[in-house]
Amino acid sequence: MCGIVGYVGRQDGVPVLLEGLARVEYRGYDSAGLAVAKGGALRVHKKEGRVGDLAASLPKRLSGTTGIAHTRWATHGPPSDVNAHPHVDTGCDVAVVHNGMLENAEELRAELQAAGVALASDTDTEVLAHLIAADDDVDDLEGAVARVLQRVTGSYGIAVLHAAQPDRIVIARNGSPVIIGIGERETMVSSDVAALVRHCRQVVHLDDGELATLTKDGFQASTLGRRPSPKQATELDRAPEEYEKGGFQHFLAKEIHEQPEAVERALSGRIEDRFATAHLGGIELTPRELRAVRRIKVLGCGSAYYSGLMGAGLIEALARVPADAEPAAEFRQRNPLIEPDTLYIAVSQSGETLDTLLAVEEVRRKGGRVLGMVNVVGSSIARAVEGGIHLRAGAEVSVASTKSFTNTVVAFALLALHLGRVRDLSPADGERLIAGLRALPGQIAEILEREDEIAAVAERLAPAHSAFFIGRVSGFPAALEGAQKLKEVSYIHAEAYPASELKHGPLALISPEMPSVCVVPDDHLVAKNRSAIEQIRARGGETIVVAQTSVGDLADAESLVPRCEPELAPLLLNIPLQVLAYHAAVELGRDVDQPRNLAKSVTVE
Ligand code: F6R
């Protein structure tokens, strides 16, 4: 969703801001803008549409060594040039960019209007610019920002620029990420490390209730009450190349192909062969505490939730602890019972999904214990949990999650192994699973070598208006995720059903126009899965089968994955489904990396 970029340094900030905006484009947005301070005035340019449109509309000679910029995802008021950020006060002395939502914006707008201020936009953000500019001591910009923020309720990450103080940017955070990037006599701010990778090697994450003043020589952070807040810089764990397509046509293709190495990273240093277990430094639970866990509940949204369903299956199979997954918002909004011997696990690639973050806070407020499986170090969820497993998938730019999904399942396999080995999983079974995990990168690479075959299957699928994805028990989460990938990137309606449920209603929809993608692991349910496929064919339905062993004539098209340890089969079966969705989307000419209406990181409820 929205993205903030700010620059104060020794070079012209305009190209740096535009490059930063381009790097946060993947998050989803509808308009973009920037403001630079120069010669005692602010120059502000905003445009509905893409960052490229903004760049093309800028005056050739626009420059300035201090500036702020933004990509907006409309919340208050439709996408338009006027509603785009930065927002300024009437005299254009103060410019503000803002992520998040102010809850008392209406009240503050009414107050400003009553005082004769003409508001230019429909946004909540604009009030901040007017209030800061009206502060009695705006020469102390940080103080003015702090005073205004004390009047505001809601969530924000903001960056503020003042025409008369062109050597600084003031930033603040409450519930929306703000990251300071430290470079060589240049300092940046962004809501996403992606915008910082080119210029900064160290980062500092602001905490809620903090603000900071940035100058080219560094930063000073304090609380809203103006008490100094010492902060520790950490090395940035992302490289600029991670945000480039590296020869692929789309990020989605690149990220699908990065999975073998991503899985290797997820396993690296986490296997303890001597005891046939996993070594998970981040979970900070003793064997005794792990043995006391009676239930595991996984929380996440969308694909993160589906990876949680796969993970719950792994935990039940290997550790024999009852486990299930639930969409994070459903969980939180039903006033859940928090049981003391349940271990909660929050899954999130971005670490910023608000529904998941609020669920974590709900569990913690009620005294429950939550671990995280998060891909972005320093993200809000990573900071809100009590330890966890870093996914190590690397930067995921395409909106549709692929490598982070796979690495989450690997993280669950490691957790299940660890949990199993403090309970009843035998060393022999531990060794078996470890061998299975180590084989995964090669097996995923093997599947991806057959991409052309899967692309040919995608050509058959692309003309369909609607498709079923069916799977049974461990295959069902793969069907759910396969349907999710297809619908989000190709816009083909896809619905996942447990194979056993078809006959209880959905069979009525089967026709030659409604293909079914059938997920068939080599497990004890193969015969039952074959019979579901037969029922589809008997009604004239086309079948696309993703299996470990060929189903022969039952498939109109088939994609096979290598045999593996049974617990890991759903992970492998999901890979051809990703490739299928990708090629169907390419075939249909979709905006593969930024599907319509979607954002990479969903920071609203
Ligand atoms: C689908 C997809 C989304 C996300 C969901 C949660 O491909 O990417 O369904 O999985 O929005 O996002 P994170 O994992 O960042 O919490």
# chains A, B, ... in the order shown; residues from 1 in each chain; ligands from 1
$ residues_around --residues "segment 123-131 of chain A" --least-positions-apart "6" --cutoff "8 Å" --atoms "only C-alpha atoms" --output "list in words"
Thr75, His76, Gly77, Asn83, His87, Val88, Asp89, Thr90, Val94, Ala95, Val96, Val97, His98, Met101, Leu102, Ala105, Glu106, Leu108, Arg109, Leu112 and Val148 of chain A
$ residues_near_ligand --ligand "ligand 1" --cutoff "10 Å" --atoms "only C-alpha atoms and all ligand atoms" --output "compact mmCIF listing (two decimals) with N, CA and C atoms, in the first residue's frame"
# COMPACT_ATOMS: atom_id res chain seq x y z
N LEU A 299 -1.97 -18.17 12.69
CA LEU A 299 -2.77 -17.02 12.26
C LEU A 299 -2.08 -16.34 11.09
N GLY A 300 -2.85 -15.99 10.08
CA GLY A 300 -2.28 -15.31 8.92
C GLY A 300 -3.40 -14.94 7.98
N CYS A 301 -3.07 -14.26 6.90
CA CYS A 301 -4.10 -13.85 5.93
C CYS A 301 -3.72 -14.39 4.56
N GLY A 302 -4.72 -14.68 3.76
CA GLY A 302 -4.50 -15.08 2.37
C GLY A 302 -3.56 -16.26 2.28
N SER A 303 -2.54 -16.10 1.45
CA SER A 303 -1.61 -17.22 1.24
C SER A 303 -0.86 -17.56 2.52
N ALA A 304 -0.64 -16.57 3.37
CA ALA A 304 0.03 -16.86 4.65
C ALA A 304 -0.84 -17.82 5.47
N TYR A 305 -2.15 -17.62 5.41
CA TYR A 305 -3.07 -18.52 6.11
C TYR A 305 -3.01 -19.93 5.50
N TYR A 306 -2.98 -19.98 4.15
CA TYR A 306 -2.91 -21.31 3.52
C TYR A 306 -1.61 -22.02 3.87
N SER A 307 -0.51 -21.25 3.94
CA SER A 307 0.75 -21.90 4.34
C SER A 307 0.62 -22.39 5.77
N PRO A 327 -7.87 -17.61 9.54
CA PRO A 327 -7.58 -16.25 9.04
C PRO A 327 -7.49 -15.29 10.23
N ALA A 328 -6.44 -14.48 10.24
CA ALA A 328 -6.14 -13.68 11.43
C ALA A 328 -7.29 -12.75 11.83
N ALA A 346 2.13 -16.51 14.26
CA ALA A 346 1.67 -15.54 13.25
C ALA A 346 2.58 -15.65 12.03
N VAL A 347 1.95 -15.82 10.86
CA VAL A 347 2.72 -15.95 9.62
C VAL A 347 2.49 -14.70 8.78
N SER A 348 3.58 -14.09 8.32
CA SER A 348 3.43 -12.93 7.43
C SER A 348 4.72 -12.69 6.66
N GLN A 349 4.60 -12.63 5.35
CA GLN A 349 5.76 -12.28 4.53
C GLN A 349 6.21 -10.87 4.87
N SER A 350 5.30 -9.91 4.74
CA SER A 350 5.68 -8.49 4.88
C SER A 350 5.93 -8.11 6.33
N GLY A 351 5.26 -8.80 7.24
CA GLY A 351 5.34 -8.41 8.65
C GLY A 351 4.55 -7.16 8.94
N GLU A 352 3.76 -6.67 7.97
CA GLU A 352 3.00 -5.43 8.17
C GLU A 352 1.50 -5.62 8.01
N THR A 353 1.03 -6.83 7.73
CA THR A 353 -0.40 -7.02 7.50
C THR A 353 -1.17 -6.68 8.77
N LEU A 354 -2.04 -5.68 8.66
CA LEU A 354 -2.66 -5.15 9.88
C LEU A 354 -3.54 -6.19 10.57
N ASP A 355 -4.29 -6.96 9.80
CA ASP A 355 -5.16 -7.98 10.41
C ASP A 355 -4.33 -8.95 11.26
N THR A 356 -3.18 -9.32 10.75
CA THR A 356 -2.34 -10.28 11.48
C THR A 356 -1.72 -9.61 12.70
N LEU A 357 -1.28 -8.37 12.51
CA LEU A 357 -0.68 -7.64 13.63
C LEU A 357 -1.70 -7.47 14.77
N MET A 373 6.47 -16.15 12.09
CA MET A 373 7.21 -16.63 10.92
C MET A 373 7.08 -15.48 9.92
N VAL A 374 8.12 -14.68 9.84
CA VAL A 374 8.04 -13.41 9.14
C VAL A 374 9.25 -13.29 8.21
N ASN A 375 9.06 -12.65 7.06
CA ASN A 375 10.16 -12.55 6.11
C ASN A 375 10.93 -11.24 6.22
N VAL A 376 10.31 -10.21 6.80
CA VAL A 376 10.98 -8.90 6.84
C VAL A 376 11.46 -8.60 8.26
N ILE A 381 5.24 -6.95 12.73
CA ILE A 381 4.88 -8.24 13.35
C ILE A 381 6.12 -8.90 13.95
N GLU A 396 10.67 -10.19 -1.62
CA GLU A 396 9.62 -10.69 -2.52
C GLU A 396 8.88 -9.47 -3.05
N SER A 398 7.01 -9.33 -6.28
CA SER A 398 5.73 -9.59 -6.93
C SER A 398 4.64 -9.67 -5.87
N VAL A 399 3.47 -9.14 -6.19
CA VAL A 399 2.38 -9.13 -5.20
C VAL A 399 2.03 -10.56 -4.76
N ALA A 400 2.00 -11.48 -5.70
CA ALA A 400 1.65 -12.86 -5.35
C ALA A 400 2.81 -13.53 -4.63
N SER A 401 2.54 -14.12 -3.50
CA SER A 401 3.65 -14.71 -2.76
C SER A 401 3.93 -16.12 -3.25
N THR A 402 5.20 -16.41 -3.43
CA THR A 402 5.61 -17.74 -3.91
C THR A 402 6.73 -18.28 -3.02
N SER A 404 8.08 -16.97 -0.43
CA SER A 404 7.84 -16.83 1.02
C SER A 404 6.84 -17.90 1.47
N PHE A 405 5.90 -18.28 0.59
CA PHE A 405 4.97 -19.38 0.92
C PHE A 405 5.78 -20.65 1.15
N THR A 408 7.81 -20.63 4.24
CA THR A 408 7.01 -20.77 5.46
C THR A 408 6.75 -22.25 5.73
N GLU A 481 -4.21 -22.89 -2.16
CA GLU A 481 -3.17 -21.94 -2.58
C GLU A 481 -3.09 -21.88 -4.11
N GLY A 482 -3.27 -23.04 -4.77
CA GLY A 482 -3.24 -23.06 -6.24
C GLY A 482 -4.36 -22.20 -6.80
N GLN A 484 -5.87 -19.74 -5.27
CA GLN A 484 -5.57 -18.34 -4.92
C GLN A 484 -4.60 -17.73 -5.93
N LYS A 485 -3.53 -18.48 -6.26
CA LYS A 485 -2.54 -17.94 -7.21
C LYS A 485 -3.19 -17.69 -8.56
N LEU A 486 -4.00 -18.67 -9.00
CA LEU A 486 -4.60 -18.52 -10.34
C LEU A 486 -5.51 -17.30 -10.36
N LYS A 487 -6.37 -17.17 -9.35
CA LYS A 487 -7.32 -16.05 -9.45
C LYS A 487 -6.62 -14.71 -9.32
N GLU A 488 -5.62 -14.60 -8.45
CA GLU A 488 -5.06 -13.26 -8.27
C GLU A 488 -4.22 -12.80 -9.44
N VAL A 489 -3.49 -13.71 -10.10
CA VAL A 489 -2.66 -13.20 -11.20
C VAL A 489 -3.30 -13.32 -12.58
N GLN A 578 2.01 -22.84 -8.98
CA GLN A 578 2.51 -21.46 -9.12
C GLN A 578 2.85 -21.18 -10.59
N LEU A 598 -4.91 -5.14 -6.02
CA LEU A 598 -4.17 -5.79 -4.93
C LEU A 598 -2.96 -4.97 -4.50
N ALA A 599 -2.55 -5.17 -3.26
CA ALA A 599 -1.34 -4.51 -2.75
C ALA A 599 -0.47 -5.58 -2.11
N LYS A 600 0.83 -5.35 -2.13
CA LYS A 600 1.74 -6.36 -1.57
C LYS A 600 1.61 -6.43 -0.06
N SER A 601 1.37 -5.30 0.54
CA SER A 601 1.37 -5.31 1.99
C SER A 601 0.09 -4.60 2.42
N VAL A 602 -0.80 -5.33 3.08
CA VAL A 602 -2.15 -4.80 3.32
C VAL A 602 -2.22 -4.22 4.74
N THR A 603 -2.05 -2.90 4.80
CA THR A 603 -1.89 -2.27 6.11
C THR A 603 -3.18 -1.60 6.58
$ select_by_dssp --residues "segment 177-328 of chain A" --states "helix (DSSP H, G or I)" --output "PyMOL selection string"
chain A and resi 193-195+240-243+251-257+259-267+273-275+287-291+302-319+328
$ atom_distance --atom1 "atom CA of Ala212 of chain A" --atom2 "atom CA of Ile171 of chain A"
5.4 Å
$ closest_atom_pairs --of "segment 525-598 of chain A" --to "segment 498-521 of chain A" --cutoff "7 Å" --atoms "only C-alpha atoms" --output "JSON lines"
{"residue": "A:Val526", "atom": "CA", "partner": "A:Val520", "partner_atom": "CA", "distance": 6.6}
{"residue": "A:Asn529", "atom": "CA", "partner": "A:Val520", "partner_atom": "CA", "distance": 6.6}
{"residue": "A:Ala532", "atom": "CA", "partner": "A:Ala499", "partner_atom": "CA", "distance": 6.3}
{"residue": "A:Ile536", "atom": "CA", "partner": "A:Ile510", "partner_atom": "CA", "distance": 6.7}
{"residue": "A:Arg539", "atom": "CA", "partner": "A:Ile510", "partner_atom": "CA", "distance": 6.4}
{"residue": "A:Gly540", "atom": "CA", "partner": "A:Pro512", "partner_atom": "CA", "distance": 5.3}
{"residue": "A:Gly541", "atom": "CA", "partner": "A:Pro512", "partner_atom": "CA", "distance": 4.8}
{"residue": "A:Glu542", "atom": "CA", "partner": "A:Pro515", "partner_atom": "CA", "distance": 4.6}
{"residue": "A:Thr543", "atom": "CA", "partner": "A:Ser516", "partner_atom": "CA", "distance": 5.0}
{"residue": "A:Ile544", "atom": "CA", "partner": "A:Val517", "partner_atom": "CA", "distance": 4.6}
{"residue": "A:Val545", "atom": "CA", "partner": "A:Cys518", "partner_atom": "CA", "distance": 4.8}
{"residue": "A:Val546", "atom": "CA", "partner": "A:Val519", "partner_atom": "CA", "distance": 5.1}
{"residue": "A:Ala547", "atom": "CA", "partner": "A:Val520", "partner_atom": "CA", "distance": 4.5}
{"residue": "A:Gln548", "atom": "CA", "partner": "A:Pro521", "partner_atom": "CA", "distance": 5.7}
{"residue": "A:Ala569", "atom": "CA", "partner": "A:Pro521", "partner_atom": "CA", "distance": 6.2}
$ select_by_dssp --residues "segment 447-569 of chain A" --states "strand (DSSP E or B)" --output "ChimeraX atom specification"
/A:466-471,493-498,516-520,543-547,557-560
$ residues_around --residues "Leu62 of chain A" --least-positions-apart "2" --cutoff "9 Å" --atoms "only C-alpha atoms" --output "list in words"
Val14, Val36, Arg43, Leu58, Pro59, Lys60 and Gly64 of chain A
$ closest_atom_pairs --of "segment 248-346 of chain A" --to "segment 18-34 of chain A" --cutoff "12 Å" --atoms "only C-alpha atoms" --output "Markdown table"
| residue | atom | partner | partner_atom | distance |
| --- | --- | --- | --- | --- |
| A:His250 | CA | A:Tyr26 | CA | 11.7 |
| A:Phe251 | CA | A:Tyr26 | CA | 9.8 |
| A:Leu252 | CA | A:Tyr26 | CA | 11.4 |
$ closest_residue --among "A:Gln333, A:Gln113, A:Asn99, A:Asn574" --to "Asp192 of chain A" --atoms "only C-alpha atoms"
A:Asn99
$ residues_around --residues "segment 237-247 of chain A" --least-positions-apart "5" --cutoff "10 Å" --atoms "only C-alpha atoms" --output "VMD selection string"
chain A and resid 23 to 24 26 193 to 199 201 to 203 252 to 255 376 to 377 392 394 to 398
$ closest_residue --among "A:Arg596, A:Arg450, A:His524, A:Arg383" --to "Leu580 of chain A" --atoms "only C-alpha atoms"
A:Arg450
$ residues_around --residues "His418 of chain A" --least-positions-apart "5" --cutoff "10 Å" --atoms "only C-alpha atoms" --output "list in words"
Ile271, Glu272, Ala276, Thr277, Ala278, His279, Leu280, Pro287, Leu290, Ile315, Leu318, Ala319, Phe412, Ala413, Arg423, Leu425 and Gly430 of chain A
$ atom_distance --atom1 "atom CA of Phe331 of chain A" --atom2 "atom CA of Ile296 of chain A"
13.7 Å
$ atom_distance --atom1 "atom CA of Ala172 of chain A" --atom2 "atom CA of Gly157 of chain A"
5.7 Å
$ residues_around --residues "Gly9 of chain A" --least-positions-apart "2" --cutoff "10 Å" --atoms "only C-alpha atoms" --output "count of residues only"
21
